[in-house]
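> Please read through the structure below; I'll follow up with questions.
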Amino acid sequence: LLRSSQPLTGPNRRRSREDEQLLGAMLAPGERGFVLDTRSAQAAKQARISGGGTEHKSAYPGWRRLHRALDRGRVLQDSFSRLVELCSDPAVTMERWLGRLDSSRWLSHVKAALSTACLAAQCLDREGGTVLVHGAEGTDTTLLVTALAQLILDPACRTLEGFQGLLEREWIQAGHPFQLRCARSASSHARGKQEAPVFLLFLDCVWQLSRQFPLSLEFGEQLLLTLFDNAYASAYGTFLCNNERERSLCKVKESTHSLWAWLQQPEEKHKYLNPLYSHNPLVIWPSVEPQSIQLWQGFFLRWVRPSQPLEEAWGQIQRLVQGS
Amino acid sequence: MEHIRMPKVENVRLLDRLSSRRAVVGTLYLTATHVIFVENGSETRKETWVLHSQISSIEKQATTATGCPLLIRCKNFQVIHLVIPQERDCHDVYISLIRLARPVKYEELYCFSFNPKLDKEEREQGWKLVDLNEEYNRMGVPNSYWQISDVNRDYGVCDSYPTEVYVPKSATAHIIVGSSKFRSRRRFPALSYYCKGNNASICRSSQPLSGFSARCLEDEQMLQAIRKANPGSDFIYVVDTRPKLNAMANRAAGKGYENEDNYSNIKFQFIGIENIHVMRNSLQKMLEVCELKSPSMSDFLWGLENSGWLKHIKAIMDAGIFIAKAVAEEGVSVLVHCSDGWDRTAQVCSVASLLLDPYYRTMKGFMVLIEKDWVSFGHKFNHRYGNLDGDPKEISPVIDQFIECVWQLMEQFPCAFEFNERFLIHIQHHIYSCQFGNFLCNSQKERRELKIKERTYSLWAHLWKNRADYLNPLYRSDHSQTQGTLHPQIAPCNFLYKFWSGMYNRFEKGLHPRQSVTDYLMAVKEETQQLEEELEVLQERLANLQKSQSGNNKVKSKQQDRSKQFGLYTSNNSLANTPQEYSSDLKSFPSRSPSQGDEDSALILTQDNLKSSDPDLSANSDQESGVEDLSCRSPSGGGCLPSEDSGKDSDEAVFLAG
């Protein structure tokens, strides 16, 4: 599984021998390659005008290009805002609820993200091919897809430690611009152009996986909520800045504490573990049918839904699993 | 057997809604009681059994190159999509099924030939499992305010009521008879639930025949009697579960609702639940959404909203909540009615009772609740669920809605119910299956005339025998959620109503969480219990050893690491591991240029090699209680067919939000 940003083909169909050699070298003899472009074919074509573009078939033999349009940026931000607004609107009647839920399009984004990740996973696991994922910049939907695909494929990523490693690798070090994306909240009126809840979309997809495979993730919902919180405002330096270079310039490692270190402490760790977890060595293939994708109430209705019965249920689960 | 034109057809294809790749070929059989599809293929020979009673509709579609398609839609939401090679065969099957699915006589139903090999004594015992007299006694009646009345002993007063009803002490036979003449179908006010703690009660009836101005002294006295039976309150609520407009329209037909001016000390309330026709259409629309091929999120959400289904569920729930509040918090008695008092009234009374009394949240209590508010009070099972061929306008998913309300509550209160989702699904299944005699006919009177108890078996006994499958591992009788009244959040609460894919997509295993938390926890519980028993035994032995020794060497018994102990639970991981359809969702990505189409279709994933690791998902049209049916199926004594344990429902992962 590889990731990159878009090739700078431009309007004159530039080529780069080095880039072609690199991709050529990625394929073992006889192996198939798939380029999974997270933009629509149309959008990818249009990107050429501003200097971007796609990999041309003849330049990259052995590689097949697939397009799976995933929304990002402003579209995603608006979707998020609409959903948050809906969830805090006291006047919504049952008659309007589902329609407005759909109008926010958030669940459609979740479905699309999961489907694309599954597609990438299928190419790797079932077709035995190599997959290169990129969008435009390679910092948003690209990471969404690669991180989710790994969760689906690799049981090691589903442990608490493995998941933290996945986040470090695929989001933080890969350069997802947290500072720009998670600058303000959904309800803020002063929204920056660069804001987008891509990381939240990822967390939502992880939650969907945990709902469909309740026994296969070592961590629970509380971890996802904590990660969300810390991406926006944190006592720790883990999600600061936009990339490793900025972190190095700001001396983040020298002047702040790591969120991971805190989570690893035994008195903290147990809060985030899933008592139902048991190691599942197989690939977990989620269903992306609409019935299988649900609103993440624990997040969107966090302060609104009655928590007591559910807390009691988890308490009971803990008790059962640990023995009387 | 005379209705079967074609008992056997070969080379029939069984299609899968979600994936055309999962089609299987097999042989179709028609018997007197079932339609059976047996897969070809040496190892598995998977079977799908469908009871004729379950068949809701059969659709023959236009013949294509591959054959003649036949869709069998079932009342338990299974949809069987067959393709029969010869059009003539298909037609014969179609005609046979039409007749078989519409029995004319009760004797044609499966319950009269079903033979679980129990003796007469066991059959009788099975029917005695649920005893309503015991139930009323448990509630605390008869007492100084309530008495049992046998005025209806020969069904002379009301033929859809039971022979024994509970009425207020001050309601004489004269008052009852008078009131019954003023009520639609003679269904006079009678006790449904009595709250020992504060003497408040829930009573039920049908609408009064008041028209615009008619009055009836006895009926007014009846309501007064109900009020007087609760000294803690000086008024009663009268709840009409219909929309106001409908109730007013009824007045023009000489029926209607209670006028507060005529009935002293009542507070009247409309709740606004729609009628059976609206509900039938609502379900129909929702099922159409379920049958969409590759729906987008929008298709699904809009389709669901347009059906209005969840809105109706919420309306029923809101009514139950209102009544439960009136009884528990205000200590005021409530008289509930709709038009005829056998549909919405039953729904609302049973939801309210469930909220009020934790007993009804136990397995036994739930059976008792259905027996009381649905069976004994004359809910028209035959008309509503089509035991026999009848008026299609009478068909309506009334009890289905009640069962769904219970499921919605289970999702909100995971620790409050002794039973699990599978219990509800199996009950729904058997209401339509006519395999047992509990839900036949339209009234107690009809069932007695048919001698149901002597000629059929009780579902309750069957469920009770298998109760280990139906337990909720999170249930504890000493838990706060299981004491007293349940208080569902009233607002905001739209989000609390979820689509029940476990029921409406029951047979599409790929849609559900592939790992069952319930089953896992039950296995854990069992294992813990076994280990504890073992521990006890070991400790005893140790104590004995120590006694017989000099006492110097202490042997430490090892506490085994619990977390590694779940060897007995075979976490059925193979169920999890089939990729679903990811590449067929062409609708969402209209921007794909035609030249791209080829790239994708080249990605035909070979599912065939998966069959061995995933026998369950490859043909996901398992007949659920086919598992139970298998052990007691064929009246003609056909051999015992492979019982596939994987037929167990994967229960909705309820708790995952915590």
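Chain labels A, B, ... are given in the sequence in which chains occur in the structure tokens; within each chain residues are numbered consecutively from 1, and ligands are likewise numbered from 1 in the order shown.
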Identify all chain A residues at most 7 Å from chain B by counting only C-alpha atoms; ligands do not count. Present them as a ChimeraX atom specification.
/A:40-42,64,66,69,90,94-95,97-99,102,107-108,115,118-119,211-215,221,280,282-285,287,289-292,298,306,309-311,313-314,316-317,320-323
> List every residue of range 461-515 of chain B that DSSP, applied to the backbone of this structure, places in alpha helix (DSSP H), and write the result as an NGL selection string.
:B and (461-465 or 501-504)
> Ranking A:Tyr236, A:Phe300, A:Trp63, A:Trp260 by minimum distance to Val133 in chain A and counting only C-alpha atoms, which one comes first?
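That would be A:Trp63, the residue with the smallest distance to Val133 in chain A.
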> Please list as a tab-separated table (two decimals) with N, CA, C and O atoms, in the first residue's frame every residue within 7 Å of range 367-376 of chain B, counting only C-alpha atoms and excluding residues in the same chain fewer than 6 positions away.

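Result went into out29.tsv, see below:
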```tsv
chain	number	residue	atom	x	y	z
B	130	VAL	N	-48.50	-20.43	30.67
B	130	VAL	CA	-48.92	-19.06	30.92
B	130	VAL	C	-50.34	-19.08	31.45
B	130	VAL	O	-51.26	-19.48	30.76
B	132	LEU	N	-53.29	-16.77	33.04
B	132	LEU	CA	-53.67	-15.39	33.27
B	132	LEU	C	-54.26	-15.14	34.66
B	132	LEU	O	-54.11	-14.06	35.21
B	161	TYR	N	-64.22	-10.77	23.65
B	161	TYR	CA	-63.58	-10.68	24.96
B	161	TYR	C	-63.41	-12.08	25.54
B	161	TYR	O	-64.06	-13.02	25.09
B	162	PRO	N	-62.54	-12.20	26.57
B	162	PRO	CA	-62.43	-13.50	27.23
B	162	PRO	C	-63.64	-13.75	28.14
B	162	PRO	O	-64.42	-12.83	28.39
B	192	SER	N	-56.84	-3.83	32.22
B	192	SER	CA	-55.67	-4.39	31.54
B	192	SER	C	-54.51	-4.49	32.51
B	192	SER	O	-53.79	-5.49	32.57
B	346	ALA	N	-54.36	-2.32	22.08
B	346	ALA	CA	-53.48	-3.40	22.54
B	346	ALA	C	-52.03	-2.94	22.55
B	346	ALA	O	-51.29	-3.18	23.50
B	350	SER	N	-49.94	-2.49	26.11
B	350	SER	CA	-48.81	-3.36	26.41
B	350	SER	C	-47.50	-2.59	26.52
B	350	SER	O	-46.66	-2.93	27.34
B	360	TYR	N	-42.86	-7.67	33.21
B	360	TYR	CA	-43.12	-7.89	31.79
B	360	TYR	C	-41.84	-7.84	30.97
B	360	TYR	O	-41.85	-8.15	29.78
B	444	GLN	N	-60.81	-15.61	21.67
B	444	GLN	CA	-60.75	-16.78	22.56
B	444	GLN	C	-61.89	-17.74	22.20
B	444	GLN	O	-61.72	-18.96	22.19
B	460	TRP	N	-45.23	-20.92	23.62
B	460	TRP	CA	-44.57	-20.50	24.87
B	460	TRP	C	-43.75	-21.65	25.45
B	460	TRP	O	-42.62	-21.46	25.91
```
> Could you pull out the strand (DSSP E) residues of range 62-134 of chain B, going by DSSP on the backbone, and write them as an NGL selection string?
:B and (68-74 or 79-84)
> Please list as a short mmCIF file (atom, residue, chain, number, x, y, z; two decimals) with C-alpha atoms, in the first residue's frame every residue within 6 Å of Leu180 in chain A, counting only C-alpha atoms and excluding residues in the same chain fewer than 3 positions away.

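Saved file around-v1.cif follows:
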```cif
data_model
loop_
_atom_site.label_atom_id
_atom_site.label_comp_id
_atom_site.auth_asym_id
_atom_site.auth_seq_id
_atom_site.Cartn_x
_atom_site.Cartn_y
_atom_site.Cartn_z
CA PRO A 177 -2.29 19.47 8.40
CA ALA A 183 -8.43 25.09 13.92
CA GLN A 194 -8.53 25.17 5.23
CA GLU A 195 -10.74 23.66 7.85
#
```
> Suppose you want the space between CA of Lys181 in chain B and CA of Glu260 in chain B; what is it in Å?
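These atoms are spaced 19.9 Å apart.
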> Record the distance separating CA of Ser160 in chain B and CA of Glu446 in chain B, expressed in Å with one decimal.
8.8 Å
> If you count only C-alpha atoms, which residues fall within 12 Å of Gly272 in chain B, apart from same-chain ones fewer than 2 positions away, as a count of residues only?
27
> Can you pull out the residues contacting Leu129 in chain B? Cut-off 9 Å, using only C-alpha atoms, and skip same-chain residues under 4 positions away; I want them as a ChimeraX atom specification.
/B:124-125,364,458,460-461,464
> I'd like the contact shell of Leu2 in chain A - 12 Å cut-off, only C-alpha atoms, skipping same-chain residues fewer than 3 positions apart - returned as number ranges by chain.
A: 5, 22-23, 26-27, 33-37, 120-121, 124, 129-134, 138, 142-143, 145-147, 149-150, 170, 174
> Could you work out how far CA of Leu114 in chain A lies from CA of Phe80 in chain A, giving the answer in Å with one decimal?
17.1 Å
> Choose the residue, out of B:His277, B:Arg204, B:His91, B:Arg73, that has the smallest atom-to-atom separation from Arg384 in chain B; count only C-alpha atoms.
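Answer, going by the shortest atom-to-atom distance: B:His277.
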> Restricting the calculation to only C-alpha atoms: of B:Ala229, B:Ile176, B:Leu450, B:Ala326, which residue gets closest to Ser144 in chain B?
B:Ala229
